[in-house]
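For reference, run23.cif (mmCIF, C-alpha atoms and all ligand atoms):
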data_upload
loop_
_atom_site.label_atom_id
_atom_site.label_comp_id
_atom_site.auth_asym_id
_atom_site.auth_seq_id
_atom_site.Cartn_x
_atom_site.Cartn_y
_atom_site.Cartn_z
CA MET A 1 5.60 -22.17 12.47
CA LYS A 2 9.01 -23.71 12.07
CA LYS A 3 10.77 -21.00 14.06
CA ALA A 4 9.16 -22.30 17.25
CA LEU A 5 11.21 -25.50 16.83
CA PHE A 6 14.49 -23.66 16.72
CA LEU A 7 14.89 -22.80 20.43
CA PRO A 8 13.99 -26.26 21.73
CA VAL A 9 16.43 -27.86 19.24
CA VAL A 10 19.26 -25.56 20.31
CA SER A 11 18.46 -26.00 24.04
CA LEU A 12 18.43 -29.77 23.62
CA ALA A 13 21.81 -29.68 21.89
CA LEU A 14 23.24 -27.56 24.72
CA LEU A 15 21.80 -29.88 27.37
CA LEU A 16 23.27 -32.94 25.68
CA ALA A 17 26.66 -31.24 25.39
CA ALA A 18 26.57 -30.26 29.09
CA ALA A 19 25.71 -33.82 30.08
CA GLY A 20 28.78 -35.05 28.20
CA CYS A 21 26.60 -37.10 25.87
CA ARG A 22 27.87 -35.41 22.75
CA LYS A 23 30.15 -38.21 21.52
CA ALA A 24 27.51 -40.87 21.75
CA GLU A 25 24.95 -38.92 19.70
CA PRO A 26 24.97 -38.60 15.92
CA PRO A 27 25.21 -34.94 14.92
CA ALA A 28 21.79 -33.33 15.09
CA PRO A 29 20.47 -32.01 11.77
CA VAL A 30 21.20 -28.30 11.51
CA PRO A 31 17.95 -26.34 11.63
CA GLU A 32 17.35 -24.10 8.62
CA ALA A 33 17.63 -20.95 10.73
CA VAL A 34 21.15 -21.95 11.86
CA LYS A 35 22.34 -22.29 8.27
CA GLY A 36 21.39 -18.66 7.81
CA GLN A 37 18.28 -19.49 5.84
CA PRO A 38 15.27 -17.48 6.97
CA THR A 39 12.17 -19.46 7.81
CA MET A 40 8.81 -18.19 6.65
CA ASN A 41 6.90 -16.97 9.70
CA ILE A 42 4.51 -14.40 11.11
CA GLN A 43 4.63 -12.86 14.55
CA LYS A 44 2.41 -10.50 16.53
CA ALA A 45 3.54 -7.80 18.99
CA PRO A 46 1.92 -4.81 20.69
CA PHE A 47 2.61 -1.50 18.89
CA GLY A 48 1.01 1.01 21.26
CA ARG A 49 -2.35 2.48 22.17
CA LEU A 50 -4.71 5.06 20.77
CA PRO A 51 -5.64 8.04 22.99
CA ASP A 52 -8.89 6.20 23.86
CA GLY A 53 -6.86 3.25 25.19
CA ALA A 54 -7.47 0.88 22.27
CA ASN A 55 -4.55 -1.47 21.66
CA VAL A 56 -2.74 -1.53 18.35
CA ASP A 57 -0.86 -4.65 17.26
CA ILE A 58 1.83 -5.07 14.66
CA TYR A 59 2.40 -8.25 12.66
CA THR A 60 5.77 -9.12 11.18
CA LEU A 61 5.60 -11.28 8.07
CA VAL A 62 8.84 -12.89 6.86
CA ASN A 63 9.07 -14.99 3.72
CA ALA A 64 11.48 -17.86 3.04
CA ARG A 65 13.96 -15.48 1.43
CA GLY A 66 14.04 -13.04 4.34
CA LEU A 67 11.80 -10.31 2.91
CA LYS A 68 9.95 -8.72 5.78
CA ALA A 69 6.69 -6.74 5.86
CA ARG A 70 5.31 -5.21 9.08
CA ILE A 71 1.62 -4.35 9.15
CA MET A 72 -0.28 -2.78 12.03
CA THR A 73 -3.94 -2.99 12.92
CA TYR A 74 -4.32 0.83 12.95
CA GLY A 75 -5.13 1.86 9.39
CA ALA A 76 -4.05 -1.60 8.13
CA ILE A 77 -0.80 0.28 7.58
CA LEU A 78 2.25 -1.29 5.96
CA VAL A 79 4.79 0.10 8.44
CA SER A 80 7.97 -1.30 6.90
CA LEU A 81 9.09 -3.43 3.98
CA ASP A 82 12.63 -4.83 4.01
CA LEU A 83 13.90 -5.72 0.55
CA PRO A 84 17.32 -6.91 -0.65
CA ASP A 85 19.44 -4.94 -3.11
CA ARG A 86 21.52 -6.62 -5.80
CA THR A 87 24.21 -7.55 -3.24
CA GLY A 88 21.64 -9.08 -0.90
CA ALA A 89 21.74 -6.20 1.60
CA PHE A 90 18.30 -5.47 3.07
CA ALA A 91 16.80 -2.03 3.58
CA ASP A 92 13.37 -0.73 4.51
CA CYS A 93 11.86 0.66 1.31
CA VAL A 94 8.69 2.42 2.49
CA LEU A 95 8.35 5.75 4.30
CA GLY A 96 6.72 5.97 7.71
CA TYR A 97 7.52 6.21 11.39
CA ASP A 98 9.34 4.03 13.92
CA SER A 99 6.45 4.10 16.37
CA LEU A 100 2.68 4.53 16.48
CA ASP A 101 2.89 8.11 17.81
CA GLY A 102 4.08 9.54 14.51
CA TYR A 103 1.14 7.96 12.67
CA LEU A 104 -1.27 9.41 15.23
CA LYS A 105 0.16 12.94 15.04
CA THR A 106 0.42 13.56 11.32
CA THR A 107 0.68 11.34 8.29
CA PRO A 108 0.11 11.86 4.58
CA TYR A 109 -1.41 8.33 4.54
CA PHE A 110 1.99 6.57 4.87
CA GLY A 111 1.41 2.88 4.00
CA ALA A 112 -2.30 3.01 4.77
CA ILE A 113 -5.27 1.23 3.28
CA VAL A 114 -7.35 4.11 2.00
CA GLY A 115 -11.15 4.06 1.87
CA ARG A 116 -14.12 4.15 1.59
CA TYR A 117 -13.10 6.13 -1.50
CA GLY A 118 -9.46 6.58 -2.47
CA ASN A 119 -8.60 10.04 -3.85
CA ARG A 120 -11.02 12.94 -4.30
CA ILE A 121 -14.76 13.38 -4.59
CA ALA A 122 -15.49 16.94 -5.78
CA LYS A 123 -17.08 19.22 -3.19
CA GLY A 124 -17.65 16.18 -0.98
CA SER A 125 -20.93 15.38 -2.63
CA PHE A 126 -22.53 12.98 -5.09
CA SER A 127 -25.99 11.81 -6.10
CA LEU A 128 -27.07 8.22 -6.18
CA GLU A 129 -30.50 6.79 -6.91
CA GLY A 130 -32.08 10.25 -6.69
CA LYS A 131 -30.53 11.16 -3.34
CA THR A 132 -27.67 13.62 -2.70
CA TYR A 133 -25.07 12.56 -0.18
CA VAL A 134 -22.85 15.01 1.66
CA LEU A 135 -19.46 13.68 2.70
CA ALA A 136 -16.87 14.95 5.17
CA VAL A 137 -14.70 17.55 3.46
CA ASN A 138 -10.99 17.44 4.33
CA ASP A 139 -9.08 18.81 1.32
CA GLY A 140 -10.13 22.37 0.62
CA LYS A 141 -13.68 22.05 -0.68
CA ASN A 142 -13.21 18.39 -1.55
CA HIS A 143 -13.36 14.97 0.07
CA LEU A 144 -10.05 13.07 0.03
CA HIS A 145 -9.20 9.43 0.87
CA GLY A 146 -12.38 8.68 2.81
CA GLY A 147 -12.72 11.89 4.79
CA VAL A 148 -11.66 13.15 8.21
CA LYS A 149 -11.52 9.65 9.67
CA GLY A 150 -11.02 7.28 6.79
CA PHE A 151 -10.05 3.60 6.87
CA ASP A 152 -6.45 4.72 7.48
CA LYS A 153 -7.40 5.92 10.98
CA VAL A 154 -9.45 3.04 12.35
CA ILE A 155 -8.55 -0.21 14.04
CA TRP A 156 -8.94 -3.33 11.94
CA THR A 157 -9.42 -6.88 13.19
CA ALA A 158 -6.51 -9.13 12.21
CA GLU A 159 -6.02 -12.86 11.65
CA PRO A 160 -2.59 -14.14 10.65
CA PHE A 161 -2.35 -17.21 8.43
CA GLU A 162 0.18 -19.35 6.63
CA GLU A 163 -0.18 -21.10 3.32
CA ALA A 164 2.17 -23.29 1.30
CA ASN A 165 3.84 -20.38 -0.47
CA GLY A 166 3.54 -17.49 1.94
CA VAL A 167 2.38 -15.84 5.12
CA GLY A 168 -0.51 -13.45 5.35
CA LEU A 169 -2.71 -11.22 7.42
CA LYS A 170 -6.47 -10.91 6.97
CA LEU A 171 -7.78 -7.56 8.20
CA GLY A 172 -11.42 -6.62 8.67
CA TYR A 173 -13.39 -3.44 9.24
CA LEU A 174 -17.09 -2.63 9.35
CA SER A 175 -17.73 0.89 8.11
CA LYS A 176 -21.13 1.89 9.49
CA ASP A 177 -23.99 3.39 7.51
CA GLY A 178 -23.45 7.17 7.49
CA GLU A 179 -19.74 7.06 8.37
CA GLU A 180 -18.09 10.16 6.85
CA GLY A 181 -21.43 10.64 5.04
CA TYR A 182 -21.42 7.40 3.00
CA PRO A 183 -24.55 5.28 2.65
CA GLY A 184 -24.69 1.67 3.81
CA ASN A 185 -22.90 -0.63 6.22
CA LEU A 186 -19.79 -1.68 4.33
CA ASN A 187 -18.07 -4.86 5.42
CA VAL A 188 -14.45 -4.71 4.27
CA THR A 189 -11.74 -7.36 4.18
CA VAL A 190 -8.16 -6.71 3.13
CA VAL A 191 -5.73 -9.61 2.88
CA TYR A 192 -1.99 -9.05 2.64
CA LEU A 193 0.02 -12.07 1.48
CA LEU A 194 3.83 -12.09 1.38
CA THR A 195 4.79 -14.94 -0.92
CA ASN A 196 8.05 -16.86 -1.22
CA ASP A 197 8.21 -15.50 -4.79
CA ASP A 198 8.84 -12.05 -3.28
CA GLU A 199 5.39 -10.66 -3.95
CA LEU A 200 3.26 -8.61 -1.61
CA ARG A 201 -0.28 -9.30 -2.75
CA ILE A 202 -3.25 -7.30 -1.51
CA ASP A 203 -6.78 -8.64 -1.95
CA TYR A 204 -9.69 -6.32 -1.20
CA GLU A 205 -13.28 -7.42 -0.67
CA ALA A 206 -16.38 -5.53 0.42
CA THR A 207 -20.14 -5.98 0.64
CA THR A 208 -22.82 -3.44 1.48
CA ASP A 209 -26.47 -3.20 2.48
CA LYS A 210 -27.09 0.05 0.50
CA ALA A 211 -25.66 1.23 -2.80
CA THR A 212 -22.40 3.12 -2.14
CA PRO A 213 -19.23 4.18 -3.93
CA VAL A 214 -16.18 2.08 -3.03
CA ASN A 215 -12.59 2.59 -4.16
CA LEU A 216 -9.94 1.01 -1.96
CA THR A 217 -6.21 1.33 -2.40
CA SER A 218 -2.85 1.06 -0.68
CA HIS A 219 -0.98 4.29 -0.06
CA SER A 220 2.64 3.18 0.43
CA TYR A 221 5.38 5.68 -0.31
CA PHE A 222 8.18 3.65 -1.90
CA ASN A 223 11.84 4.63 -1.87
CA PHE A 224 14.12 1.87 -3.13
CA THR A 225 17.28 3.61 -1.97
CA GLY A 226 16.09 2.57 1.49
CA GLY A 227 14.88 6.10 2.17
CA SER A 228 18.32 7.70 2.05
CA ARG A 229 17.52 10.39 -0.56
CA ASP A 230 14.73 11.57 -2.85
CA VAL A 231 13.24 9.30 -5.50
CA LEU A 232 14.07 11.42 -8.56
CA THR A 233 16.51 8.87 -10.05
CA HIS A 234 14.00 6.01 -9.87
CA GLU A 235 12.96 4.92 -13.38
CA ILE A 236 9.23 4.44 -13.85
CA THR A 237 7.24 2.72 -16.56
CA LEU A 238 3.45 2.97 -16.64
CA ALA A 239 1.26 0.79 -18.86
CA ALA A 240 -0.93 3.74 -19.74
CA ASP A 241 -1.17 5.89 -22.84
CA ARG A 242 -3.77 8.26 -21.36
CA TYR A 243 -4.34 10.05 -18.07
CA THR A 244 -7.12 12.07 -16.47
CA PRO A 245 -6.16 15.78 -16.46
CA VAL A 246 -7.23 17.72 -13.37
CA ASP A 247 -8.28 21.25 -12.38
CA ALA A 248 -6.53 23.38 -9.76
CA GLY A 249 -8.22 21.40 -6.95
CA LEU A 250 -6.93 18.11 -8.47
CA ILE A 251 -10.42 17.10 -9.63
CA PRO A 252 -10.52 15.38 -13.04
CA THR A 253 -11.94 17.49 -15.83
CA GLY A 254 -13.59 14.37 -17.26
CA LYS A 255 -11.29 14.19 -20.27
CA LEU A 256 -8.84 11.38 -21.00
CA ASP A 257 -5.75 13.00 -22.54
CA PRO A 258 -2.98 11.19 -24.42
CA VAL A 259 0.43 11.15 -22.71
CA ALA A 260 2.35 10.98 -26.00
CA GLY A 261 4.70 13.90 -26.52
CA THR A 262 4.24 15.24 -22.96
CA PRO A 263 6.18 14.92 -19.67
CA MET A 264 3.34 12.62 -18.57
CA ASP A 265 4.59 9.85 -20.89
CA PHE A 266 5.99 6.85 -18.98
CA THR A 267 5.19 4.23 -21.61
CA THR A 268 8.96 3.61 -21.73
CA PRO A 269 11.20 3.82 -18.61
CA VAL A 270 11.92 7.40 -17.55
CA ALA A 271 13.61 8.79 -14.42
CA ILE A 272 11.05 10.57 -12.26
CA GLY A 273 13.25 13.67 -12.07
CA SER A 274 14.00 14.02 -15.75
CA ARG A 275 10.88 16.07 -16.63
CA ILE A 276 9.23 16.72 -13.27
CA ASP A 277 9.99 20.45 -13.43
CA ARG A 278 7.67 20.64 -16.45
CA VAL A 279 4.72 19.27 -14.45
CA ALA A 280 3.24 21.91 -12.14
CA GLY A 281 3.74 20.71 -8.57
CA GLY A 282 5.04 17.29 -9.64
CA TYR A 283 3.23 14.11 -10.63
CA ASP A 284 -0.10 13.58 -8.91
CA HIS A 285 -2.20 12.07 -11.66
CA ASN A 286 -4.45 9.15 -12.38
CA TYR A 287 -3.23 7.12 -15.34
CA VAL A 288 -5.75 5.23 -17.44
CA LEU A 289 -4.33 1.72 -17.69
CA THR A 290 -4.24 0.32 -21.19
CA SER A 291 -5.52 -3.02 -19.86
CA GLY A 292 -8.85 -1.34 -19.05
CA GLY A 293 -8.99 -3.25 -15.77
CA GLY A 294 -11.02 -6.38 -15.07
CA ALA A 295 -8.14 -8.86 -15.35
CA MET A 296 -4.70 -8.84 -13.75
CA ALA A 297 -2.16 -6.99 -15.90
CA LEU A 298 1.15 -5.25 -15.44
CA ALA A 299 0.43 -1.61 -14.56
CA ALA A 300 3.79 -0.18 -13.51
CA ARG A 301 7.46 -0.90 -13.02
CA ALA A 302 9.95 1.00 -10.87
CA VAL A 303 13.72 0.53 -10.97
CA GLU A 304 16.24 2.12 -8.62
CA PRO A 305 19.51 2.00 -10.59
CA GLY A 306 21.83 2.40 -7.57
CA SER A 307 20.59 -0.59 -5.56
CA GLY A 308 19.14 -2.58 -8.47
CA ARG A 309 15.82 -2.92 -6.65
CA VAL A 310 12.86 -3.44 -8.99
CA MET A 311 9.13 -3.40 -8.29
CA GLU A 312 6.37 -4.44 -10.66
CA VAL A 313 2.77 -3.57 -9.91
CA LEU A 314 0.05 -5.83 -11.28
CA THR A 315 -3.62 -5.07 -10.85
CA ASP A 316 -7.14 -5.65 -12.12
CA GLN A 317 -8.03 -1.98 -11.53
CA PRO A 318 -8.55 0.47 -14.44
CA GLY A 319 -6.35 3.26 -13.02
CA ILE A 320 -3.22 4.04 -11.07
CA GLN A 321 -2.42 7.24 -9.19
CA PHE A 322 1.21 8.20 -9.69
CA TYR A 323 2.07 10.58 -6.85
CA THR A 324 5.62 11.79 -6.27
CA GLY A 325 5.41 13.03 -2.67
CA ASN A 326 4.97 16.63 -3.82
CA PHE A 327 3.54 17.71 -0.48
CA LEU A 328 6.45 16.35 1.56
CA ASP A 329 8.44 19.40 2.62
CA GLY A 330 10.96 18.24 5.20
CA THR A 331 8.75 19.00 8.19
CA ILE A 332 8.02 15.32 8.82
CA ALA A 333 10.77 13.49 10.71
CA GLY A 334 10.19 9.90 9.70
CA LYS A 335 12.03 6.67 10.47
CA GLY A 336 15.31 7.21 12.27
CA GLY A 337 14.41 10.91 12.60
CA ARG A 338 15.07 11.50 8.90
CA ALA A 339 13.42 14.60 7.43
CA TYR A 340 11.32 13.56 4.44
CA GLY A 341 11.82 16.30 1.89
CA LYS A 342 9.98 16.91 -1.36
CA HIS A 343 9.83 13.79 -3.59
CA TRP A 344 11.26 11.53 -0.85
CA GLY A 345 8.80 8.79 -1.83
CA PHE A 346 6.42 7.90 -4.63
CA CYS A 347 3.06 6.15 -4.57
CA LEU A 348 1.52 3.89 -7.18
CA GLU A 349 -2.06 3.62 -5.99
CA THR A 350 -4.11 1.18 -8.02
CA GLN A 351 -7.66 2.48 -8.18
CA HIS A 352 -10.77 3.59 -10.01
CA PHE A 353 -10.53 7.13 -11.32
CA PRO A 354 -10.87 10.03 -8.86
CA ASP A 355 -14.32 11.62 -8.56
CA SER A 356 -15.98 8.76 -10.45
CA PRO A 357 -19.26 9.18 -8.49
CA ASN A 358 -19.64 12.58 -10.24
CA GLN A 359 -18.24 11.58 -13.62
CA PRO A 360 -20.76 9.53 -15.61
CA SER A 361 -18.22 8.76 -18.36
CA PHE A 362 -15.79 7.04 -15.93
CA PRO A 363 -16.13 3.33 -15.05
CA THR A 364 -18.61 2.99 -12.19
CA THR A 365 -17.52 2.64 -8.56
CA ILE A 366 -20.96 1.89 -7.16
CA LEU A 367 -21.29 -1.29 -5.15
CA ARG A 368 -24.82 -2.58 -4.66
CA PRO A 369 -26.32 -4.92 -2.07
CA GLY A 370 -25.90 -8.54 -3.17
CA ASP A 371 -22.73 -7.78 -5.14
CA THR A 372 -19.16 -8.19 -3.91
CA TYR A 373 -16.40 -5.67 -4.51
CA ARG A 374 -13.31 -7.76 -5.17
CA THR A 375 -9.96 -6.54 -6.47
CA ARG A 376 -6.31 -7.55 -6.31
CA THR A 377 -2.99 -5.74 -6.56
CA THR A 378 0.38 -7.47 -6.48
CA PHE A 379 3.70 -5.75 -5.85
CA LYS A 380 6.48 -8.01 -7.17
CA PHE A 381 10.04 -7.35 -6.04
CA SER A 382 13.32 -8.36 -7.69
CA VAL A 383 16.75 -6.96 -8.51
CA LYS A 384 18.63 -6.23 -11.70
C1 LIG B 1 -3.17 12.22 -3.73
C2 LIG B 1 -2.45 13.49 -3.39
C3 LIG B 1 -2.41 13.61 -1.90
C4 LIG B 1 -1.69 12.40 -1.36
C5 LIG B 1 -1.49 12.40 0.13
C6 LIG B 1 -2.45 11.07 -3.13
O1 LIG B 1 -3.13 9.91 -3.37
O2 LIG B 1 -3.32 12.06 -5.12
O3 LIG B 1 -3.07 14.61 -3.99
O4 LIG B 1 -1.78 14.78 -1.50
O5 LIG B 1 -2.37 11.25 -1.74
O6 LIG B 1 -2.58 12.80 0.79
#

Structure re-expressed in structure tokens:
Amino acid sequence: MKKALFLPVVSLALLLAAAGCRKAEPPAPVPEAVKGQPTMNIQKAPFGRLPDGANVDIYTLVNARGLKARIMTYGAILVSLDLPDRTGAFADCVLGYDSLDGYLKTTPYFGAIVGRYGNRIAKGSFSLEGKTYVLAVNDGKNHLHGGVKGFDKVIWTAEPFEEANGVGLKLGYLSKDGEEGYPGNLNVTVVYLLTNDDELRIDYEATTDKATPVNLTSHSYFNFTGGSRDVLTHEITLAADRYTPVDAGLIPTGKLDPVAGTPMDFTTPVAIGSRIDRVAGGYDHNYVLTSGGGAMALAARAVEPGSGRVMEVLTDQPGIQFYTGNFLDGTIAGKGGRAYGKHWGFCLETQHFPDSPNQPSFPTTILRPGDTYRTRTTFKFSVK
């Protein structure tokens, strides 16, 4: 970690100056950090404790261009993400809290890794290999985002690492057989990598000892104004010409409907707010990616015209949940005490389709012993 060199170099220079040796010495090379160039690095700090006394750490990842991602071991949560605008001014572009307390009190999954199953499973139940499993129910009659205590509310192990083109954090969690009603011990690894090409890459891996549904995703609420207003002027493009319509409980009907000619159509860039009043409640839908999943492909693009910030989402998953913070209502005081009102953030959650364990026509989400669940999503940031 180059940063560690910085202090000794400066102290040495000061010592030499104090000893009057300055004239005799050739000028010391200016460390990168002094020239105003950030140095790629990763640092760990304590972030608080859970009510049971367990320690939570936060890791700060900085790339060579100064982009900064902070990730904590509770929920593997992306706590902040500092991105430059077109003038080079940095701002934190994800919603959340300044301290651990907020995340412990109430959170609509701000920045979390969601699992064992992202989104809903109807009536918290599914059948697999002749057996019916009953899951924790936490959203009306349904199971949402892994249940009462999903992967967003547990402590993950963490190992920081550096590679040639970025810094990363490898997080691990063992979800025990029967947790929230799911079968099998599921060994999960999530690796965040912040590259010097301004990408935040997330690699998910899992293995099991009994067949189980698995659908992991990242639940960041983006706001490329830096969180200063709602996201209605952000322009979104989705590489999807169909979506999965839902019933009143947000459970897919099983159909795949075309987006053409409806307010659901984001095949060309459209401001979130331009047709949102024609979508009951706002956008909260799974889009069927045209790529079909399996190989990395561009799934979505978001542009914030004021700041020029751009995000591209690439994934090997077959779906993406486009959620426009419809349930934010101003009662949450987030970072800096700001009230997060309706549509203050949007999520682009790469995933398998909601309720797949009960929908035989959807691509399967069942992981079996001996197989490895492995998927990747990359968020690529730039300006225009
Ligand atoms: C779901 C929403 C839910 C939100 C926060 C999204 O992934 O689709 O229905 O309210 O997460 O819990």

Fill in: Surroundings of ligand LIG 1 (chain B) up to 10 Å, based on only C-alpha atoms and all ligand atoms, as a PyMOL selection string
chain A and resi 107-110+114+118-120+139+144-145+217-221+249-251+283-286+320-328+346-351+354

Discussion item. Give me the residues near Asn41 (chain A) as an NGL selection string, where near means some atom within 12 Å (using only C-alpha atoms) and where sequence neighbours in that chain fewer than 5 positions away do not count.
Written reply: :A and (1-5 or 33 or 59-70 or 160-169 or 193-196)

Please, could you write that set of residues out with C-alpha atoms as an mmCIF file, keeping the file's coordinate frame?
data_model
loop_
_atom_site.group_PDB
_atom_site.id
_atom_site.type_symbol
_atom_site.label_atom_id
_atom_site.label_comp_id
_atom_site.auth_asym_id
_atom_site.auth_seq_id
_atom_site.Cartn_x
_atom_site.Cartn_y
_atom_site.Cartn_z
ATOM 1 C CA MET A 1 5.600 -22.170 12.470
ATOM 2 C CA LYS A 2 9.010 -23.710 12.070
ATOM 3 C CA LYS A 3 10.770 -21.000 14.060
ATOM 4 C CA ALA A 4 9.160 -22.300 17.250
ATOM 5 C CA LEU A 5 11.210 -25.500 16.830
ATOM 6 C CA ALA A 33 17.630 -20.950 10.730
ATOM 7 C CA TYR A 59 2.400 -8.250 12.660
ATOM 8 C CA THR A 60 5.770 -9.120 11.180
ATOM 9 C CA LEU A 61 5.600 -11.280 8.070
ATOM 10 C CA VAL A 62 8.840 -12.890 6.860
ATOM 11 C CA ASN A 63 9.070 -14.990 3.720
ATOM 12 C CA ALA A 64 11.480 -17.860 3.040
ATOM 13 C CA ARG A 65 13.960 -15.480 1.430
ATOM 14 C CA GLY A 66 14.040 -13.040 4.340
ATOM 15 C CA LEU A 67 11.800 -10.310 2.910
ATOM 16 C CA LYS A 68 9.950 -8.720 5.780
ATOM 17 C CA ALA A 69 6.690 -6.740 5.860
ATOM 18 C CA ARG A 70 5.310 -5.210 9.080
ATOM 19 C CA PRO A 160 -2.590 -14.140 10.650
ATOM 20 C CA PHE A 161 -2.350 -17.210 8.430
ATOM 21 C CA GLU A 162 0.180 -19.350 6.630
ATOM 22 C CA GLU A 163 -0.180 -21.100 3.320
ATOM 23 C CA ALA A 164 2.170 -23.290 1.300
ATOM 24 C CA ASN A 165 3.840 -20.380 -0.470
ATOM 25 C CA GLY A 166 3.540 -17.490 1.940
ATOM 26 C CA VAL A 167 2.380 -15.840 5.120
ATOM 27 C CA GLY A 168 -0.510 -13.450 5.350
ATOM 28 C CA LEU A 169 -2.710 -11.220 7.420
ATOM 29 C CA LEU A 193 0.020 -12.070 1.480
ATOM 30 C CA LEU A 194 3.830 -12.090 1.380
ATOM 31 C CA THR A 195 4.790 -14.940 -0.920
ATOM 32 C CA ASN A 196 8.050 -16.860 -1.220
#

Practice prompt. Work out how far apart CA of Pro245 (chain A) and CA of Phe126 (chain A) are and give it in Å to one decimal.
Written response: 20.1 Å

Practice prompt. State, in Å with one decimal place, the distance from CA of Leu232 (chain A) to CA of Glu199 (chain A).
Written response: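 One can read the CA of Leu232 (chain A) to CA of Glu199 (chain A) distance as 24.2 Å.
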
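Atom pair CA of Ala299 (chain A) / CA of Asn138 (chain A) has a distance of 29.2 Å (rounded to one decimal).
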
Worksheet item: Near Arg309 (chain A), counting all atoms listed in the file, which residues have an atom at most 8 Å away, once you skip same-chain residues fewer than 4 positions from it, shown as an NGL selection string?
Response: :A and (83-86 or 224 or 303-305 or 381-384)

Item to complete: Tell me, as a PyMOL selection string, which residues lie within 6 Å of Thr315 (chain A), counting all atoms listed in the file; anything in the same chain fewer than 3 positions away does not count.
Response: chain A and resi 296-297+376-377

Worksheet item: Using all atoms listed in the file, which of the listed residues (A:Gly227, A:Pro263, A:Gly370, A:Gly75) sits closest to Gly341 (chain A)?
Response: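 Using all atoms listed in the file, the shortest distance to Gly341 (chain A) belongs to A:Gly227.
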